[in-house]
Each structure stands twice: as C-alpha cells, then as structure tokens.
$ cat entry20.pdb   # PDB, C-alpha atoms, pLDDT in the B column
ATOM      1  CA  MET P   1      13.549  26.292  94.180  1.00 96.00           C
ATOM      2  CA  ARG P   2      12.985  23.500  91.663  1.00 98.00           C
ATOM      3  CA  ILE P   3      13.345  24.392  88.000  1.00 98.00           C
ATOM      4  CA  ALA P   4      12.605  21.932  85.193  1.00 98.00           C
ATOM      5  CA  VAL P   5      15.167  22.081  82.382  1.00 99.00           C
ATOM      6  CA  ILE P   6      14.014  20.771  79.014  1.00 99.00           C
ATOM      7  CA  SER P   7      15.528  20.769  75.542  1.00 99.00           C
ATOM      8  CA  ASP P   8      14.943  19.502  72.021  1.00 99.00           C
ATOM      9  CA  VAL P   9      11.183  19.036  72.131  1.00 99.00           C
ATOM     10  CA  HIS P  10      11.190  18.784  68.338  1.00 98.00           C
ATOM     11  CA  ALA P  11       7.456  19.139  67.816  1.00 98.00           C
ATOM     12  CA  ASN P  12       6.719  15.932  69.740  1.00 99.00           C
ATOM     13  CA  TRP P  13       3.541  16.821  71.620  1.00 98.00           C
ATOM     14  CA  PRO P  14       2.945  13.466  73.377  1.00 98.00           C
ATOM     15  CA  ALA P  15       6.480  13.595  74.789  1.00 99.00           C
ATOM     16  CA  LEU P  16       6.156  17.201  75.953  1.00 99.00           C
ATOM     17  CA  GLU P  17       2.791  16.471  77.544  1.00 98.00           C
ATOM     18  CA  ALA P  18       4.223  13.489  79.433  1.00 98.00           C
ATOM     19  CA  VAL P  19       7.213  15.471  80.679  1.00 98.00           C
ATOM     20  CA  VAL P  20       5.049  18.347  81.903  1.00 98.00           C
ATOM     21  CA  SER P  21       2.869  15.833  83.763  1.00 98.00           C
ATOM     22  CA  ASP P  22       6.022  14.506  85.447  1.00 98.00           C
ATOM     23  CA  PHE P  23       7.222  17.904  86.698  1.00 97.00           C
ATOM     24  CA  GLY P  24       5.534  17.517  90.070  1.00 92.00           C
ATOM     25  CA  GLY P  25       5.236  21.081  91.298  1.00 91.00           C
ATOM     26  CA  VAL P  26       8.245  22.860  89.843  1.00 98.00           C
ATOM     27  CA  ASP P  27       8.670  26.579  90.414  1.00 98.00           C
ATOM     28  CA  ASP P  28       9.762  27.398  86.887  1.00 98.00           C
ATOM     29  CA  VAL P  29      10.786  25.880  83.535  1.00 98.00           C
ATOM     30  CA  ILE P  30      13.731  26.593  81.225  1.00 99.00           C
ATOM     31  CA  CYS P  31      13.710  25.435  77.600  1.00 99.00           C
ATOM     32  CA  LEU P  32      17.115  25.201  75.928  1.00 99.00           C
ATOM     33  CA  GLY P  33      15.785  25.341  72.388  1.00 98.00           C
ATOM     34  CA  ASP P  34      14.625  23.342  69.395  1.00 98.00           C
ATOM     35  CA  VAL P  35      10.940  23.506  70.166  1.00 98.00           C
ATOM     36  CA  VAL P  36      10.266  22.560  66.531  1.00 98.00           C
ATOM     37  CA  GLY P  37      11.772  20.353  63.814  1.00 98.00           C
ATOM     38  CA  TYR P  38      11.456  16.621  63.019  1.00 98.00           C
ATOM     39  CA  GLY P  39       8.056  16.114  64.663  1.00 98.00           C
ATOM     40  CA  GLY P  40       4.498  16.533  63.452  1.00 98.00           C
ATOM     41  CA  ASP P  41       3.059  18.891  66.104  1.00 98.00           C
ATOM     42  CA  PRO P  42       4.955  22.180  65.846  1.00 98.00           C
ATOM     43  CA  LEU P  43       1.908  24.371  66.455  1.00 98.00           C
ATOM     44  CA  ARG P  44       0.817  22.641  69.629  1.00 98.00           C
ATOM     45  CA  CYS P  45       4.333  22.490  71.069  1.00 98.00           C
ATOM     46  CA  LEU P  46       5.274  26.060  70.200  1.00 98.00           C
ATOM     47  CA  ASP P  47       2.000  27.511  71.437  1.00 98.00           C
ATOM     48  CA  TYR P  48       2.276  25.601  74.706  1.00 98.00           C
ATOM     49  CA  VAL P  49       5.846  26.707  75.422  1.00 98.00           C
ATOM     50  CA  ARG P  50       5.185  30.269  74.305  1.00 98.00           C
ATOM     51  CA  GLY P  51       1.916  30.500  76.218  1.00 98.00           C
ATOM     52  CA  ARG P  52       3.619  29.773  79.519  1.00 98.00           C
ATOM     53  CA  SER P  53       6.312  32.406  79.024  1.00 97.00           C
ATOM     54  CA  TRP P  54       9.088  29.960  79.894  1.00 98.00           C
ATOM     55  CA  LEU P  55      12.630  31.203  79.439  1.00 98.00           C
ATOM     56  CA  THR P  56      13.339  29.732  75.999  1.00 98.00           C
ATOM     57  CA  LEU P  57      16.498  29.846  73.885  1.00 98.00           C
ATOM     58  CA  THR P  58      16.828  29.426  70.157  1.00 98.00           C
ATOM     59  CA  GLY P  59      18.025  26.080  68.836  1.00 98.00           C
ATOM     60  CA  ASN P  60      19.430  25.326  65.407  1.00 98.00           C
ATOM     61  CA  HIS P  61      16.057  24.067  64.126  1.00 98.00           C
ATOM     62  CA  ASP P  62      14.299  27.128  65.533  1.00 98.00           C
ATOM     63  CA  ARG P  63      16.908  29.325  63.849  1.00 98.00           C
ATOM     64  CA  ALA P  64      16.574  27.528  60.520  1.00 98.00           C
ATOM     65  CA  CYS P  65      12.858  28.350  60.465  1.00 98.00           C
ATOM     66  CA  THR P  66      13.681  32.058  60.318  1.00 97.00           C
ATOM     67  CA  ASP P  67      17.123  32.068  58.649  1.00 96.00           C
ATOM     68  CA  PRO P  68      17.325  30.181  55.329  1.00 90.00           C
ATOM     69  CA  ASP P  69      21.136  30.317  55.446  1.00 92.00           C
ATOM     70  CA  ALA P  70      21.039  28.029  58.494  1.00 92.00           C
ATOM     71  CA  LEU P  71      19.574  25.236  56.355  1.00 89.00           C
ATOM     72  CA  GLY P  72      23.095  24.648  55.084  1.00 86.00           C
ATOM     73  CA  TRP P  73      23.796  22.860  58.375  1.00 87.00           C
ATOM     74  CA  PHE P  74      21.011  20.319  57.733  1.00 95.00           C
ATOM     75  CA  ASN P  75      20.749  17.098  55.773  1.00 95.00           C
ATOM     76  CA  GLU P  76      17.978  16.968  53.184  1.00 96.00           C
ATOM     77  CA  GLU P  77      15.469  15.117  55.388  1.00 97.00           C
ATOM     78  CA  ALA P  78      15.896  17.552  58.270  1.00 97.00           C
ATOM     79  CA  ALA P  79      15.707  20.504  55.881  1.00 97.00           C
ATOM     80  CA  ARG P  80      12.506  19.079  54.431  1.00 97.00           C
ATOM     81  CA  ALA P  81      10.995  19.000  57.919  1.00 97.00           C
ATOM     82  CA  ILE P  82      12.030  22.614  58.484  1.00 98.00           C
ATOM     83  CA  ARG P  83      10.424  23.762  55.245  1.00 97.00           C
ATOM     84  CA  TRP P  84       7.191  21.960  56.176  1.00 98.00           C
ATOM     85  CA  THR P  85       7.304  23.466  59.674  1.00 98.00           C
ATOM     86  CA  VAL P  86       7.684  26.995  58.304  1.00 98.00           C
ATOM     87  CA  GLU P  87       4.570  26.460  56.196  1.00 97.00           C
ATOM     88  CA  GLN P  88       2.609  25.529  59.332  1.00 97.00           C
ATOM     89  CA  LEU P  89       3.746  28.281  61.680  1.00 97.00           C
ATOM     90  CA  GLY P  90       2.706  31.565  60.100  1.00 95.00           C
ATOM     91  CA  HIS P  91       4.198  35.024  60.613  1.00 97.00           C
ATOM     92  CA  ASP P  92       3.378  35.529  64.293  1.00 98.00           C
ATOM     93  CA  ARG P  93       4.962  32.279  65.476  1.00 98.00           C
ATOM     94  CA  LEU P  94       7.973  32.792  63.243  1.00 98.00           C
ATOM     95  CA  ARG P  95       8.409  36.249  64.743  1.00 98.00           C
ATOM     96  CA  TRP P  96       8.462  34.663  68.217  1.00 98.00           C
ATOM     97  CA  LEU P  97      11.109  32.149  67.118  1.00 98.00           C
ATOM     98  CA  ARG P  98      13.188  34.904  65.556  1.00 98.00           C
ATOM     99  CA  ALA P  99      13.269  36.831  68.835  1.00 98.00           C
ATOM    100  CA  LEU P 100      14.535  33.949  70.982  1.00 98.00           C
ATOM    101  CA  PRO P 101      17.973  34.623  72.525  1.00 98.00           C
ATOM    102  CA  GLU P 102      21.034  32.522  71.727  1.00 98.00           C
ATOM    103  CA  GLN P 103      22.258  32.432  75.318  1.00 98.00           C
ATOM    104  CA  THR P 104      21.664  33.832  78.762  1.00 98.00           C
ATOM    105  CA  SER P 105      22.255  32.932  82.401  1.00 98.00           C
ATOM    106  CA  ARG P 106      20.151  32.142  85.422  1.00 98.00           C
ATOM    107  CA  LEU P 107      21.396  32.248  89.017  1.00 97.00           C
ATOM    108  CA  GLY P 108      24.984  31.938  87.845  1.00 96.00           C
ATOM    109  CA  ILE P 109      24.342  29.034  85.450  1.00 98.00           C
ATOM    110  CA  ARG P 110      25.127  29.661  81.791  1.00 98.00           C
ATOM    111  CA  LEU P 111      22.346  28.623  79.413  1.00 98.00           C
ATOM    112  CA  VAL P 112      22.831  27.776  75.727  1.00 98.00           C
ATOM    113  CA  HIS P 113      21.382  25.389  73.187  1.00 98.00           C
ATOM    114  CA  ALA P 114      24.602  23.917  71.802  1.00 98.00           C
ATOM    115  CA  SER P 115      27.812  24.997  73.559  1.00 98.00           C
ATOM    116  CA  PRO P 116      29.396  28.009  75.294  1.00 98.00           C
ATOM    117  CA  ARG P 117      31.748  28.417  72.320  1.00 98.00           C
ATOM    118  CA  ASN P 118      29.006  28.285  69.691  1.00 98.00           C
ATOM    119  CA  PRO P 119      25.607  28.659  71.377  1.00 98.00           C
ATOM    120  CA  VAL P 120      23.433  27.461  68.470  1.00 98.00           C
ATOM    121  CA  PHE P 121      25.337  24.971  66.311  1.00 97.00           C
ATOM    122  CA  GLU P 122      28.301  23.198  67.971  1.00 98.00           C
ATOM    123  CA  TYR P 123      27.841  19.570  69.049  1.00 98.00           C
ATOM    124  CA  VAL P 124      29.595  18.608  72.295  1.00 98.00           C
ATOM    125  CA  LEU P 125      30.005  14.894  71.610  1.00 98.00           C
ATOM    126  CA  ASP P 126      33.600  14.131  72.637  1.00 97.00           C
ATOM    127  CA  THR P 127      36.004  14.986  75.407  1.00 97.00           C
ATOM    128  CA  SER P 128      38.227  17.268  73.311  1.00 97.00           C
ATOM    129  CA  THR P 129      35.281  19.486  72.333  1.00 98.00           C
ATOM    130  CA  ALA P 130      34.047  19.385  75.911  1.00 98.00           C
ATOM    131  CA  ALA P 131      37.487  20.363  77.242  1.00 98.00           C
ATOM    132  CA  ALA P 132      37.608  23.479  75.066  1.00 98.00           C
ATOM    133  CA  ASN P 133      34.175  24.541  76.255  1.00 98.00           C
ATOM    134  CA  LEU P 134      34.798  23.709  79.905  1.00 98.00           C
ATOM    135  CA  LYS P 135      37.813  26.026  79.807  1.00 96.00           C
ATOM    136  CA  LEU P 136      35.552  28.889  78.764  1.00 97.00           C
ATOM    137  CA  LEU P 137      33.351  28.378  81.832  1.00 97.00           C
ATOM    138  CA  LEU P 138      36.111  29.452  84.240  1.00 95.00           C
ATOM    139  CA  GLY P 139      34.942  26.965  86.837  1.00 95.00           C
ATOM    140  CA  GLY P 140      31.260  27.536  86.249  1.00 97.00           C
ATOM    141  CA  VAL P 141      28.364  25.399  85.045  1.00 98.00           C
ATOM    142  CA  CYS P 142      26.525  25.446  81.725  1.00 98.00           C
ATOM    143  CA  PHE P 143      23.242  23.775  80.802  1.00 98.00           C
ATOM    144  CA  HIS P 144      23.050  22.871  77.114  1.00 98.00           C
ATOM    145  CA  GLY P 145      21.188  20.534  74.766  1.00 98.00           C
ATOM    146  CA  HIS P 146      21.524  19.923  71.010  1.00 98.00           C
ATOM    147  CA  THR P 147      23.125  16.441  71.057  1.00 98.00           C
ATOM    148  CA  HIS P 148      20.016  14.732  72.500  1.00 98.00           C
ATOM    149  CA  LEU P 149      22.371  12.850  74.841  1.00 98.00           C
ATOM    150  CA  PRO P 150      21.834  13.378  78.576  1.00 98.00           C
ATOM    151  CA  GLY P 151      24.854  13.575  80.826  1.00 98.00           C
ATOM    152  CA  VAL P 152      27.614  15.654  82.375  1.00 98.00           C
ATOM    153  CA  PHE P 153      31.019  16.516  80.977  1.00 98.00           C
ATOM    154  CA  GLN P 154      33.343  17.400  83.838  1.00 96.00           C
ATOM    155  CA  ILE P 155      36.958  17.153  84.900  1.00 95.00           C
ATOM    156  CA  GLU P 156      38.139  14.261  87.070  1.00 91.00           C
ATOM    157  CA  GLY P 157      41.812  14.552  87.916  1.00 89.00           C
ATOM    158  CA  ARG P 158      43.458  15.618  84.674  1.00 88.00           C
ATOM    159  CA  HIS P 159      40.858  14.122  82.369  1.00 95.00           C
ATOM    160  CA  VAL P 160      37.516  15.200  80.980  1.00 97.00           C
ATOM    161  CA  VAL P 161      34.885  12.503  81.474  1.00 96.00           C
ATOM    162  CA  HIS P 162      31.253  12.056  80.526  1.00 96.00           C
ATOM    163  CA  ASN P 163      28.903  10.676  83.175  1.00 95.00           C
ATOM    164  CA  TYR P 164      25.213   9.889  83.146  1.00 96.00           C
ATOM    165  CA  ARG P 165      22.857   8.162  85.529  1.00 93.00           C
ATOM    166  CA  LEU P 166      19.286   8.723  86.551  1.00 93.00           C
ATOM    167  CA  GLY P 167      18.912  10.690  89.733  1.00 94.00           C
ATOM    168  CA  ALA P 168      20.673  13.714  91.191  1.00 93.00           C
ATOM    169  CA  THR P 169      24.204  14.901  90.541  1.00 91.00           C
ATOM    170  CA  SER P 170      26.146  17.789  92.060  1.00 91.00           C
ATOM    171  CA  LEU P 171      26.438  21.059  90.171  1.00 93.00           C
ATOM    172  CA  ALA P 172      30.127  21.448  91.037  1.00 90.00           C
ATOM    173  CA  GLY P 173      31.917  23.156  88.148  1.00 91.00           C
ATOM    174  CA  PRO P 174      33.344  23.319  85.693  1.00 97.00           C
ATOM    175  CA  ALA P 175      30.612  21.197  84.128  1.00 98.00           C
ATOM    176  CA  LEU P 176      28.517  20.942  80.971  1.00 98.00           C
ATOM    177  CA  ILE P 177      25.134  19.458  81.837  1.00 98.00           C
ATOM    178  CA  ASN P 178      22.783  18.209  79.130  1.00 98.00           C
ATOM    179  CA  PRO P 179      19.219  17.201  80.123  1.00 98.00           C
ATOM    180  CA  GLY P 180      18.820  15.170  76.924  1.00 98.00           C
ATOM    181  CA  SER P 181      15.929  15.435  74.509  1.00 98.00           C
ATOM    182  CA  VAL P 182      12.235  15.524  75.292  1.00 99.00           C
ATOM    183  CA  GLY P 183      11.114  14.696  71.779  1.00 98.00           C
ATOM    184  CA  GLN P 184      13.855  12.674  70.126  1.00 98.00           C
ATOM    185  CA  PRO P 185      16.266  10.901  72.525  1.00 98.00           C
ATOM    186  CA  ARG P 186      19.438   9.510  70.948  1.00 98.00           C
ATOM    187  CA  ASP P 187      21.005   7.479  73.737  1.00 97.00           C
ATOM    188  CA  HIS P 188      19.112   4.285  72.851  1.00 97.00           C
ATOM    189  CA  ASP P 189      16.493   4.893  75.548  1.00 98.00           C
ATOM    190  CA  PRO P 190      13.207   5.980  73.931  1.00 98.00           C
ATOM    191  CA  GLY P 191      11.857   7.650  77.072  1.00 98.00           C
ATOM    192  CA  ALA P 192      11.583  11.438  77.036  1.00 98.00           C
ATOM    193  CA  SER P 193      14.549  12.956  78.854  1.00 98.00           C
ATOM    194  CA  TYR P 194      14.772  16.103  80.967  1.00 98.00           C
ATOM    195  CA  GLY P 195      16.044  17.301  84.328  1.00 98.00           C
ATOM    196  CA  ILE P 196      15.164  19.115  87.549  1.00 98.00           C
ATOM    197  CA  TRP P 197      17.545  21.789  88.809  1.00 98.00           C
ATOM    198  CA  ASN P 198      17.338  22.179  92.562  1.00 98.00           C
ATOM    199  CA  THR P 199      18.781  25.610  93.243  1.00 97.00           C
ATOM    200  CA  THR P 200      18.667  25.158  97.006  1.00 96.00           C
ATOM    201  CA  GLU P 201      20.592  21.895  97.058  1.00 96.00           C
ATOM    202  CA  GLY P 202      22.845  22.764  94.126  1.00 96.00           C
ATOM    203  CA  SER P 203      21.923  19.590  92.250  1.00 97.00           C
ATOM    204  CA  PHE P 204      20.560  18.404  88.925  1.00 98.00           C
ATOM    205  CA  GLU P 205      18.289  15.359  88.689  1.00 98.00           C
ATOM    206  CA  PHE P 206      18.083  13.452  85.395  1.00 98.00           C
ATOM    207  CA  ARG P 207      14.654  11.997  84.630  1.00 98.00           C
ATOM    208  CA  ARG P 208      13.132   9.700  81.968  1.00 98.00           C
ATOM    209  CA  VAL P 209       9.450   9.538  81.142  1.00 98.00           C
ATOM    210  CA  PRO P 210       7.561   7.063  78.916  1.00 98.00           C
ATOM    211  CA  TYR P 211       5.113   8.613  76.480  1.00 98.00           C
ATOM    212  CA  ASP P 212       2.715   7.631  73.711  1.00 98.00           C
ATOM    213  CA  ARG P 213       5.197   7.026  70.906  1.00 98.00           C
ATOM    214  CA  GLU P 214       2.503   5.658  68.603  1.00 98.00           C
ATOM    215  CA  ALA P 215       0.699   8.997  68.732  1.00 98.00           C
ATOM    216  CA  ALA P 216       3.926  10.858  67.976  1.00 98.00           C
ATOM    217  CA  LYS P 217       4.642   8.538  65.047  1.00 98.00           C
ATOM    218  CA  ARG P 218       1.142   9.058  63.661  1.00 98.00           C
ATOM    219  CA  SER P 219       1.618  12.823  63.677  1.00 98.00           C
ATOM    220  CA  ILE P 220       4.864  12.497  61.728  1.00 98.00           C
ATOM    221  CA  ARG P 221       3.263  10.209  59.158  1.00 98.00           C
ATOM    222  CA  GLN P 222       0.141  12.330  58.799  1.00 98.00           C
ATOM    223  CA  ALA P 223       2.358  15.322  58.107  1.00 98.00           C
ATOM    224  CA  GLY P 224       4.108  13.409  55.339  1.00 98.00           C
ATOM    225  CA  LEU P 225       7.512  13.781  57.011  1.00 98.00           C
ATOM    226  CA  PRO P 226      10.312  11.225  56.502  1.00 98.00           C
ATOM    227  CA  GLU P 227       9.444   7.791  57.876  1.00 98.00           C
ATOM    228  CA  ARG P 228      12.827   7.589  59.583  1.00 97.00           C
ATOM    229  CA  PHE P 229      11.757  10.313  62.010  1.00 98.00           C
ATOM    230  CA  ALA P 230       8.912   8.078  63.194  1.00 98.00           C
ATOM    231  CA  ILE P 231      10.845   4.808  63.352  1.00 98.00           C
ATOM    232  CA  ARG P 232      13.744   6.223  65.361  1.00 98.00           C
ATOM    233  CA  LEU P 233      11.409   7.150  68.252  1.00 98.00           C
ATOM    234  CA  ASP P 234      11.084   3.446  69.148  1.00 98.00           C
ATOM    235  CA  PHE P 235      14.840   2.992  69.350  1.00 97.00           C
ATOM    236  CA  GLY P 236      15.955   6.173  71.067  1.00 96.00           C
ATOM    237  CA  TYR P 237      18.178   7.218  68.216  1.00 92.00           C
TER
END
$ encode --input "entry20.pdb" --output "structure tokens"
Amino acid sequence: MRIAVISDVHANWPALEAVVSDFGGVDDVICLGDVVGYGGDPLRCLDYVRGRSWLTLTGNHDRACTDPDALGWFNEEAARAIRWTVEQLGHDRLRWLRALPEQTSRLGIRLVHASPRNPVFEYVLDTSTAAANLKLLLGGVCFHGHTHLPGVFQIEGRHVVHNYRLGATSLAGPALINPGSVGQPRDHDPGASYGIWNTTEGSFEFRRVPYDREAAKRSIRQAGLPERFAIRLDFGY
C-alpha cells in the first residue's frame, strides 16, 4: 500500500493542488497538521482536506485557531494571520479543527505534528532534542512535521544524525521522519515537499513538487497578510 504523508499545508492552495496531482495513485493520505496559517486560502485548503476524510492531526496553527491561549507561542505576524484565518473559517470549520487529534498511530507508525514528547508544539531541530524523542519511540518510527524541514533523525553508531535526500529511505527504527512542508518549505528549496510511505516495502520516499508560487503570493497579498509570508515562498524559508 502507498500512503501519501503531507504536513504544514498552511493555506497554500496552489502547493496543495500540485502535490495532490503528484500523488500518482496512492491508496490513502495522512495529514500531519497545520492545514491553515500563513497562507491566503484557508477555506479551500481546509475544505479539500476535510472533504476527503483524510486522517488529519492538529498542528499548532490549527490549535491556535480554536484556543486563544496558544497564540502565546506565536510572533505577532503569525498571530495576525491566525486572527485573520479565524475570521474566514466560521463555526463549522472551527469545530472540525477543534476535534482533530493530537496524535495517533497507523500500522505501527506513530503520528504527531511536532514530536512524540510534545505532539503539537515542540520543534525537533537539533540532535539533542531528536535524541530525547527517539528514546521515547523504543525502537519504533514516528512521522512528524512542524519544522518544515524534510529529513530523518536516526541513530548511526552512538550518534544521532539527520539525513535527507530525494528518493526512498528505509523505515528502520528508531527514526523521526519529517516529510517537510507542502505550503511553506524552509530548507531553501521552494518546491512543495511531501512523502510516500510504502507499507509493503517498509520505505519512505521524499518528493519535491514545483507549484505556482505567484498565485500563492497573490492570495497572501489579497488577504492583506504580512508581505514576508509571500516573499519567503520564493526562497524556501
């Protein structure tokens, strides 16, 4: 079975559309959270993900739309985007966001937005943070997003390392596997990032997809959101 794993769409409809077109006959889709935030198309992105009944987790931006206390984690520009997003969504969509789970598992793989230790908010950006979370997996594998940086944290010898390359990698644990961000990549590659989990082969394939960044930038500007959110799409950061 081939399962697409996406994360951090961030209301970027052109990127989501391009990624879905690249799936190529997957059997299912998992979304690791942050359907909204930053981008100018929250309605289209949320309705598309929701309408297909994909297994979807809550991300920190999704949570902030329904929990004002979570805005304390955000800088002012990001908080401004959340407040605008809430105004667009309406009660029914906010109710759907509120009901999203923080974590779950699928075929033995742990699924979170941020980390096993803190499923919604912790950033796994360095080897010491990764080491603490890998220990919690007890030899297993976790798919997570949140950092917008694709790659795998795993143990080689006595050291935790971070590896990333396009193409397939083994799912041998313990491992933290991040598909990267569909809507706002931050690894200096502007292409939308996601992955394909092959449950039969026990592998995960990293993919990058070009998309219409000009259209995504227009949506951000038309919404009156911070200009930085548009500019960064061209630089993958």
$ residues_around --input "entry20.pdb" --residues "region 51-64 of chain P" --least-positions-apart "2" --cutoff "8 Å" --atoms "only C-alpha atoms" --output "MDAnalysis selection string"
chainID P and resid 8 28:37 47:49 66:71 82 97:98 100:103 112:114 120:121 146
$ closest_residue --input "entry20.pdb" --among "P:Arg93, P:Arg83, P:His148, P:Arg213" --to "Tyr194 (chain P)" --atoms "only C-alpha atoms"
P:His148
$ atom_distance --input "entry20.pdb" --atom1 "CA of Arg165 (chain P)" --atom2 "CA of Cys45 (chain P)"
27.5 Å
$ resolve_selection --input "entry20.pdb" --expression "the PyMOL selection byres ((chain P and resi 228-235) around 12)" --output "ChimeraX atom specification"
/P:10-12,14-15,37-40,77-78,80-81,181-192,210-227,236-237
$ resolve_selection --input "entry20.pdb" --expression "the PyMOL selection byres ((chain P and resi 162) around 8)" --output "PyMOL selection string"
chain P and resi 127+151-154+160-161+163-164
$ residues_around --input "entry20.pdb" --residues "Pro150 (chain P)" --least-positions-apart "3" --cutoff "6 Å" --atoms "only C-alpha atoms" --output "tab-separated table (two decimals) with C-alpha atoms, in the frame of the given file"
chain	number	residue	atom	x	y	z
P	178	ASN	CA	22.78	18.21	79.13
P	179	PRO	CA	19.22	17.20	80.12
P	180	GLY	CA	18.82	15.17	76.92
$ closest_residue --input "entry20.pdb" --among "P:Ile3, P:Ile177, P:Ala99, P:Ala132" --to "Thr200 (chain P)" --atoms "all atoms listed in the file"
P:Ile3
$ closest_residue --input "entry20.pdb" --among "P:Gly157, P:Gly139, P:Gly24, P:Pro119" --to "Gly173 (chain P)" --atoms "only C-alpha atoms"
P:Gly139
$ residues_around --input "entry20.pdb" --residues "Tyr123 (chain P)" --least-positions-apart "2" --cutoff "9 Å" --atoms "only C-alpha atoms" --output "list in words"
Ala114, Ser115, Asn118, Phe121, Leu125, Asp126, Thr129, Gly145, His146 and Thr147 of chain P
$ atom_distance --input "entry20.pdb" --atom1 "CA of Asp41 (chain P)" --atom2 "CA of Ile196 (chain P)"
24.6 Å
$ residues_around --input "entry20.pdb" --residues "region 170-172 of chain P" --least-positions-apart "6" --cutoff "8 Å" --atoms "all atoms listed in the file" --output "list in words"
Gly140, Val141, Gly202, Ser203 and Phe204 of chain P
$ closest_residue --input "entry20.pdb" --among "P:Ser128, P:Phe206, P:His144, P:Ile155" --to "Leu176 (chain P)" --atoms "all atoms listed in the file"
P:His144
$ closest_residue --input "entry20.pdb" --among "P:Trp84, P:Trp13, P:Trp197, P:Trp96" --to "Ile109 (chain P)" --atoms "all atoms listed in the file"
P:Trp197
